[in-house]
Every structure is written in structure tokens, then in C-alpha cells.
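> Have a look at this one.
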Amino acid sequence: MALDQSRLMPNITELQEIASQVRRDIVRMVHAASSGHPGGSLGCADFFTALYFEILDHKVAFNMQGKDEDLFFLSNGHISPVWYSVLARSGYFPIDELKTFRMIDSRLQGHPTTHEGLPGVRVASGSLGQGLSVAAGAALAKKQDGDDHLVFCLHGDGELQEGQIWEAVMFAAHNKIDNLIATVDWNNRQIDGDVEDIMDLGDLDAKFTAFGWKVLHMQGNQMEDVVKQLNAAKEASGKGKPVVILMKTEMGQGVDFMMGSHKWHGVAPNDEQTETALSQLEETLGDY
Amino acid sequence: MPKYSYTEMKDTRSGFGDGLLELGKKNPNIVALCADLTGSLKMNAFQDEFPDRFIQAGIAEANMMGVAAGLAIGGKIPFTGTFANFSTGRVYDQIRQSIAYSGKNVKICASHAGLTLGEDGATHQILEDIGMMKMLPGMTVINPADYHQTKAATLAIAEHDGPVYLRFGRPKWPVFTDPNQKFEIGKAVKFQDGSDVSLFATGHCLWESLKAAEELEKEGVSVEVINIHTIKPLDEKAILESVAKTKRVVSAEEHQINGGLGESIASLLSRELPAHMEIVGVNDKFGESGKPAELLEKYGLGSGSIAEAVRRVLKR
């Protein structure tokens, strides 16, 4: 069932219930497709739930230009399952469509795209490092038009190894794009191992600060802190600096055997593993 | 058929700059981005007139392409400006994913294309850009022939909804097309009727082709000269009509033979109307420093080489 967006803002418990259903959706989608990226999707379920059900001023009657509403861009497109689930549960498209994930003739491509016209998606992503530039451009367009809504975007931590990210970080600060709120999913995991072993990001707080950004920190798997920091980011916007939230998450959060390593970045669970995973995630809104 | 006569020497990039300024006055949604080459791209006038709609992107082309895609989402019509090399090869994946696959209305405007960039040498003389860009689904690829045509093309692509690659050059080049000729994307322009051979040319090579045709006429060879300013979508009808008449084909472009206009024409003809053909282009080589005319001569793209290609195809 789609949630009624017009009701009063959900409380933390309600958000946690939604997030639990989103996690079930993720596991079931990836299992059905026998492919996809459950780890990062599960880790970001709380963030996406808070963003779409509490924070964003958005319209589910999708309009590409998105004038007079907040926008969201997913730069690390491989965690599409969590986005698709939240978009569907928000009412952007039928929840039943989640069963087409990664199937032939689906709008729910492995990585998100505008190509099949899926409501809620404004640019293709998957090849990493590009989303911050696009979000900065969309935020600039809002400024030029006197639209005081915000542009949010999400990035993987490993994605910060891409050079284009730092071009965009410089660009946004130089141009005082202060209606831009970027979040980094800092789970310290990437495909080949731990981020600090593959290519250490060093002191991200100091780096973003030195580049002229306002830096916030978030415990990305504690719903109360997710909501608190997203609201703090909104408060911090409009003050001459772009805002970044360094969000600590656990890859695979909510499914015990997927947590604690990088192994479930891009692997689908088998039937038995799926059953185990679902037994750990409460069905709160009804499975699709 | 358009009348043409030489009037003066002027660079095609100035046609872009003047067209962009005119667009800025007409349409408040036009925005321009440049990666630290404002003077080279002749974007200064737009920058001075519309500072709020000009975005200095710095030497960060990948970001510039992404920002352009974001501006397009916001309803703007972004024109990006940098050298052709940095407009394509350097940012191919950004164009592919954020612009082409995402169907964004971004105009990628690329100067200093080809050998006629001259003295800067092969690092900057991109000869592979048409191939890269024409392979992208939905991408329109345009390479105008002189100042007037470049200006007209700049105006025309703003009216087209979708990504466009507009390629032009650095040197002062003969101006010879009709300034009042409307630019129609995907519509070939016949410059001269002929019956012995069809000569299809794009960009700077159109002038070289007209000179070649003049030389050949003295030998009694009747050359039909057709300007293919839009490499994609290709004006298949105009090409097939001409070749049905002449049965002999030569193409000329400032680009690698691999992936260029000639390859597109050859592909069309092999499917629809097989005919003997010669392709004038750079044959799997990088360029080098030198003066534009010297480089065209050395790499076989000048009027003499084009005339030779016509003579060869007539013997086949």
C-alpha cells in the first residue's frame, strides 16, 4: 500500500516500520532478480525512508524539471533497490512494479535511468562520480529561477575516489551553491574490500571543510539521528556554503549475515539465505 | 541551390560566438558554460552581456558536462564550450551517461577540431570526435563549413530538443556560404550540380572540395558538390539521389577515415546503392604541428588530394 503523503509527519517508530518494509523489498527484489546490490541498499534504507517520508518537499506526480519542489539525485546508482522501493512506497509508481526489477522490458533497470521513463528518476547513474555535478547544475538552475527549494544527492564513499567528485566539490563551493545537500554513505566498504585498504579517503571532514563545505555527521542507521541531521542540513543551507553529511552506515544493515564485510556489496542471496534474511525483517506494510 | 562566393577570411568559432550572443538575447533559458577557454571559444560577448547566465567551469570538463545536464533538468538550454578534444574524448562517459542516455538537452560546442588547429599539434588535434559522438544513440552531430553556417547552426540547435555535438575550428577560413541561408539540421546543401561524381564534404573540407571541383571542371569532369553539415542524422535521401545519378562517390572531411562521415556514407551505400567510393580523411594517423594549409596538404585533405580522389574513382 502507498502511504498517504498528506497525513501528519510520521514519527520515528513509523519511519522505522517503513524502513523495515523497504529492507524486505530490497532482499526480495535482489533475490528475484538473482542479481543486484543488497549491501549498500540495506545500509541506506533508513536514510531513504527519512528523506522521502519526512524531509523532502516533493511531488509524487512526477515532473522532470521539478520546479518548486526538492530534488534528489542518486549518484551511486547501484543501490537502486532501496530507491525503487522508497519511490514505489511513496507513490511514484505501483508497488507491484518492484517485481520487474532487472527483468526484460522493465522500467526498473539494474542502474537507475530516465530512459524507460521511471517516475522519480531525473538522470541515469551507475558509472560513478557523476551525480554531484548534475545535482550542482540542477541546484544552480533553481537559483537562477529564484526557486528556494533544495537539491539532495547521495554518494558512496568509494565513489569519492573518482576525480570528477572533487571537481564538483570545488565547483559547488566556488559558486556558493548553498541549496545543495550531499550525503556520503560512509560504510567503509567497496567491491574489493574496505575503503581504507583500497584507497583511503583520509580525513573526509577536514577535506570537505578545506574545500569550503559545511560538514555534518550522521549515524545513518539510527532513525532519530538521520531525521535530526537531515533537518540540521536544511537549517545549514542558504548560508553561502554547500552542505555535506558524512553518514556512517553498516553495509547490509538489518540482515546479520550480510553485515560486517564487503562481501554482500553486489551478491544476491539464494532461497535459503533469503528466508533467513526475511525472518529478521518485520513485514510492516505488506510485501509486494 | 545556394549561391556562394568568397567574401572574406573568418574563423568558424566566431560564428559560434556571434550565434550564441544572438541566442542569449532571444531566449532567457540559454545558459553557457566554458572550461577556461572563453576567449578561444569567442564566448566573451555572451559572458559580458549575460554574466548571470554564464558559468565559468574552470579546467574541469567532466564536471562541466554534469553541471550542464543538471541545468538542462532545470529547464535551461546549456551550451558547453571547450576544445573538441576536451568536449568528447576527455568526457565521453559523462556525455554518454548524464547527457545522451539521460536524454538531456545539452549543446556540446567544440572548437579547434581537426588538423587545422595547427601549431599546437596532435595532443589537441582531435580527429576521432565525430566517430565517438555519432555512435551515441540520439546524439545529433554537426560540422559546419564556414562562419555563416556555424552561426546559423548555433541558432538552429537551440530549437532542437535533445543533445547535439557542434564541431567547428580555429583558423580563419574562407567565408562563402549565404548568410541568409537557414540552417536545417539533417538537410544536405547542394552547392554545385554535376553528373560524373558526387562529392560529399563536411566542415573545412567543403571549401577544399569546391576548389577541387573547379580544377576538375577544367579537365571536363562534372562534379556534384554536396555539403553534409549534419553527419547524424544523415540526409540519406539527398545522398542516394545524387549517387543514383552519378554512380561515383568521394567524401571529404577533417577526421579519421575510421568513424567519420565517409564511413557513414559508405555504410548507407553498401545497404542501399553500392557504388565506387573514395574517402578523403586522415588514414589512421595522429597529426603534428604546422600551419593549417601545410597540414591539410601533408595529410591528404587539401583540394589537390580531393581532386586526385575524384580522378581515382572515375577510373574504377
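In the C-alpha cells, chains take the letters A, B, ... in the order shown, each chain's residues start at 1, and ligands count up from 1 in the order shown.
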Fewer than 5 positions away in the same chain doesn't count, so skip those; otherwise give me all residues within 8 Å of B:Leu127, counting only C-alpha atoms, as a PyMOL selection string.

chain B and resi 113-115+254-256+282+286

> For the residues in the current selection, export N, CA and C atoms as a tab-separated table (two decimals), in the first residue's frame.


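Written output follows (result_21.tsv):
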```
chain	number	residue	atom	x	y	z
B	113	ALA	N	38.73	21.81	-33.67
B	113	ALA	CA	38.69	20.42	-34.11
B	113	ALA	C	39.65	20.21	-35.27
B	114	GLY	N	40.20	19.04	-35.35
B	114	GLY	CA	40.95	18.61	-36.53
B	114	GLY	C	42.35	19.17	-36.67
B	115	LEU	N	42.95	18.86	-37.82
B	115	LEU	CA	44.33	19.26	-38.10
B	115	LEU	C	44.51	20.77	-38.15
B	254	GLU	N	37.73	16.47	-42.29
B	254	GLU	CA	38.93	16.66	-41.48
B	254	GLU	C	38.80	15.76	-40.25
B	255	HIS	N	38.97	14.47	-40.46
B	255	HIS	CA	38.68	13.48	-39.42
B	255	HIS	C	39.32	12.17	-39.85
B	256	GLN	N	39.46	11.25	-38.90
B	256	GLN	CA	39.90	9.91	-39.27
B	256	GLN	C	38.92	9.30	-40.28
B	282	VAL	N	41.86	11.43	-42.70
B	282	VAL	CA	43.16	11.04	-42.16
B	282	VAL	C	43.16	9.53	-41.98
B	286	PHE	N	48.01	10.10	-36.23
B	286	PHE	CA	47.89	11.33	-35.45
B	286	PHE	C	48.48	12.47	-36.26
```

> What are the closest atom pairs, with distances in Å to one decimal, for each residue of chain B lying within 10 Å of chain A, using only C-alpha atoms, rows by chain and rising residue number, as CSV?


```
residue,atom,partner,partner_atom,distance
B:Asn29,CA,A:Ala141,CA,9.8
B:Val31,CA,A:Ala141,CA,9.7
B:Asp52,CA,A:Gln144,CA,7.8
B:Arg53,CA,A:Gln144,CA,8.1
B:Ile55,CA,A:Asn175,CA,9.1
B:Gln56,CA,A:Phe171,CA,9.3
B:Ala57,CA,A:Phe171,CA,7.1
B:Gly58,CA,A:Phe171,CA,8.3
B:Ile59,CA,A:Glu167,CA,8.9
B:Ala60,CA,A:Glu167,CA,6.0
B:Glu61,CA,A:Glu167,CA,8.7
B:Ala62,CA,A:Gln164,CA,6.1
B:Asn63,CA,A:Ser133,CA,5.3
B:Met64,CA,A:Ser133,CA,7.4
B:Met65,CA,A:Ser133,CA,7.9
B:Gly66,CA,A:Val134,CA,4.6
B:Val67,CA,A:Gly137,CA,3.9
B:Ala68,CA,A:Gly137,CA,6.1
B:Ala69,CA,A:Val134,CA,5.8
B:Gly70,CA,A:Gly137,CA,4.0
B:Leu71,CA,A:Gly137,CA,4.7
B:Ala72,CA,A:Ala138,CA,7.6
B:Ile73,CA,A:Gln65,CA,5.3
B:Gly74,CA,A:Gln65,CA,4.9
B:Gly75,CA,A:Gln65,CA,6.0
B:Lys76,CA,A:Ala141,CA,7.1
B:Asp93,CA,A:Ser127,CA,7.8
B:Gln94,CA,A:Gln130,CA,6.8
B:Arg96,CA,A:Ala124,CA,9.7
B:Gln97,CA,A:Ala124,CA,6.0
B:Ser98,CA,A:Ala124,CA,6.0
B:Ile99,CA,A:Val123,CA,8.2
B:Ala100,CA,A:Ala124,CA,9.6
B:Tyr101,CA,A:His115,CA,6.6
B:Ser102,CA,A:Val123,CA,5.3
B:Gly103,CA,A:His115,CA,7.4
B:Lys104,CA,A:Val123,CA,8.4
```

> For B:Gly281, find every residue with an atom within 9 Å (counting only C-alpha atoms), except residues of its own chain fewer than 5 positions away, and show them as a PyMOL selection string.

chain B and resi 251-258+260+262+299-301

> Env of A:Asp287: 8 Å cut, atoms = only C-alpha atoms, seq-sep filter 4 positions within chain, self excluded. Answer as a list in words.

Gln21, Arg24, Asp25 and Glu283 of chain A

> Which value, in Å to one decimal, gives the distance between atom CA of A:Ala268 and atom CA of A:Ala33?

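Between these atoms lies a distance of 8.0 Å.
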
> Let's see if you can do this: from backbone DSSP, list all strand (DSSP E) residues in stretch 2-113 of chain A, as a PDB file with N, CA and C atoms, in the first residue's frame.


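Output file selection.pdb is given in full below:
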```pdb
ATOM      1  N   LEU A  71      14.605  18.236  -4.889  1.00  0.00           N
ATOM      2  CA  LEU A  71      15.024  17.167  -5.804  1.00  0.00           C
ATOM      3  C   LEU A  71      16.007  16.240  -5.100  1.00  0.00           C
ATOM      4  N   PHE A  72      16.030  15.004  -5.560  1.00  0.00           N
ATOM      5  CA  PHE A  72      17.031  14.056  -5.063  1.00  0.00           C
ATOM      6  C   PHE A  72      17.703  13.351  -6.238  1.00  0.00           C
ATOM      7  N   PHE A  73      19.028  13.243  -6.167  1.00  0.00           N
ATOM      8  CA  PHE A  73      19.802  12.514  -7.171  1.00  0.00           C
ATOM      9  C   PHE A  73      20.607  11.407  -6.487  1.00  0.00           C
ATOM     10  N   LEU A  74      20.497  10.203  -7.021  1.00  0.00           N
ATOM     11  CA  LEU A  74      21.299   9.083  -6.524  1.00  0.00           C
ATOM     12  C   LEU A  74      22.511   8.925  -7.434  1.00  0.00           C
TER      13      LEU A  74
END
```

> At a cut-off of 10 Å, using only C-alpha atoms, what residues contact B:Val189? Leave out same-chain residues fewer than 2 positions from it and give the result as a PyMOL selection string.

chain B and resi 1-2+181+183-184+186-187+191-192+200+225-230+235+238

> Write to file, as a compact mmCIF listing (two decimals), in the first residue's frame, the residues of the selection just made, with C-alpha atoms.


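File selection_24.txt, as written:
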```txt
# COMPACT_ATOMS: atom_id res chain seq x y z
CA MET B 1 20.85 25.71 -54.94
CA PRO B 2 22.55 28.28 -52.69
CA GLN B 181 20.61 30.52 -45.70
CA PHE B 183 20.22 26.03 -41.26
CA GLU B 184 18.16 22.85 -41.34
CA GLY B 186 19.91 16.86 -41.15
CA LYS B 187 19.38 18.51 -44.52
CA PHE B 191 26.49 23.71 -53.82
CA GLN B 192 27.04 22.59 -57.37
CA PHE B 200 30.18 14.96 -50.19
CA VAL B 225 29.30 19.09 -54.60
CA ILE B 226 27.04 18.46 -51.63
CA ASN B 227 27.61 19.79 -48.14
CA ILE B 228 26.79 17.27 -45.43
CA HIS B 229 26.90 19.62 -42.46
CA THR B 230 24.92 17.16 -40.35
CA ASP B 235 20.49 13.07 -45.15
CA ALA B 238 19.99 13.57 -50.74
```

> Run DSSP on the backbone of this structure and report the residues of stretch 45-99 of chain B it assigns to helix (DSSP H, G or I), as an MDAnalysis selection string.

chainID B and resid 45:49 51:53 61:73 84:87 89:99

> Quick one: everything within 9 Å of A:Cys44, counting only C-alpha atoms, minus sequence neighbours fewer than 5 positions away in the same chain. Send it as JSON, numbers by chain.

{"A": [39, 49, 79, 82, 185, 220, 221, 249, 250, 251, 252, 253]}
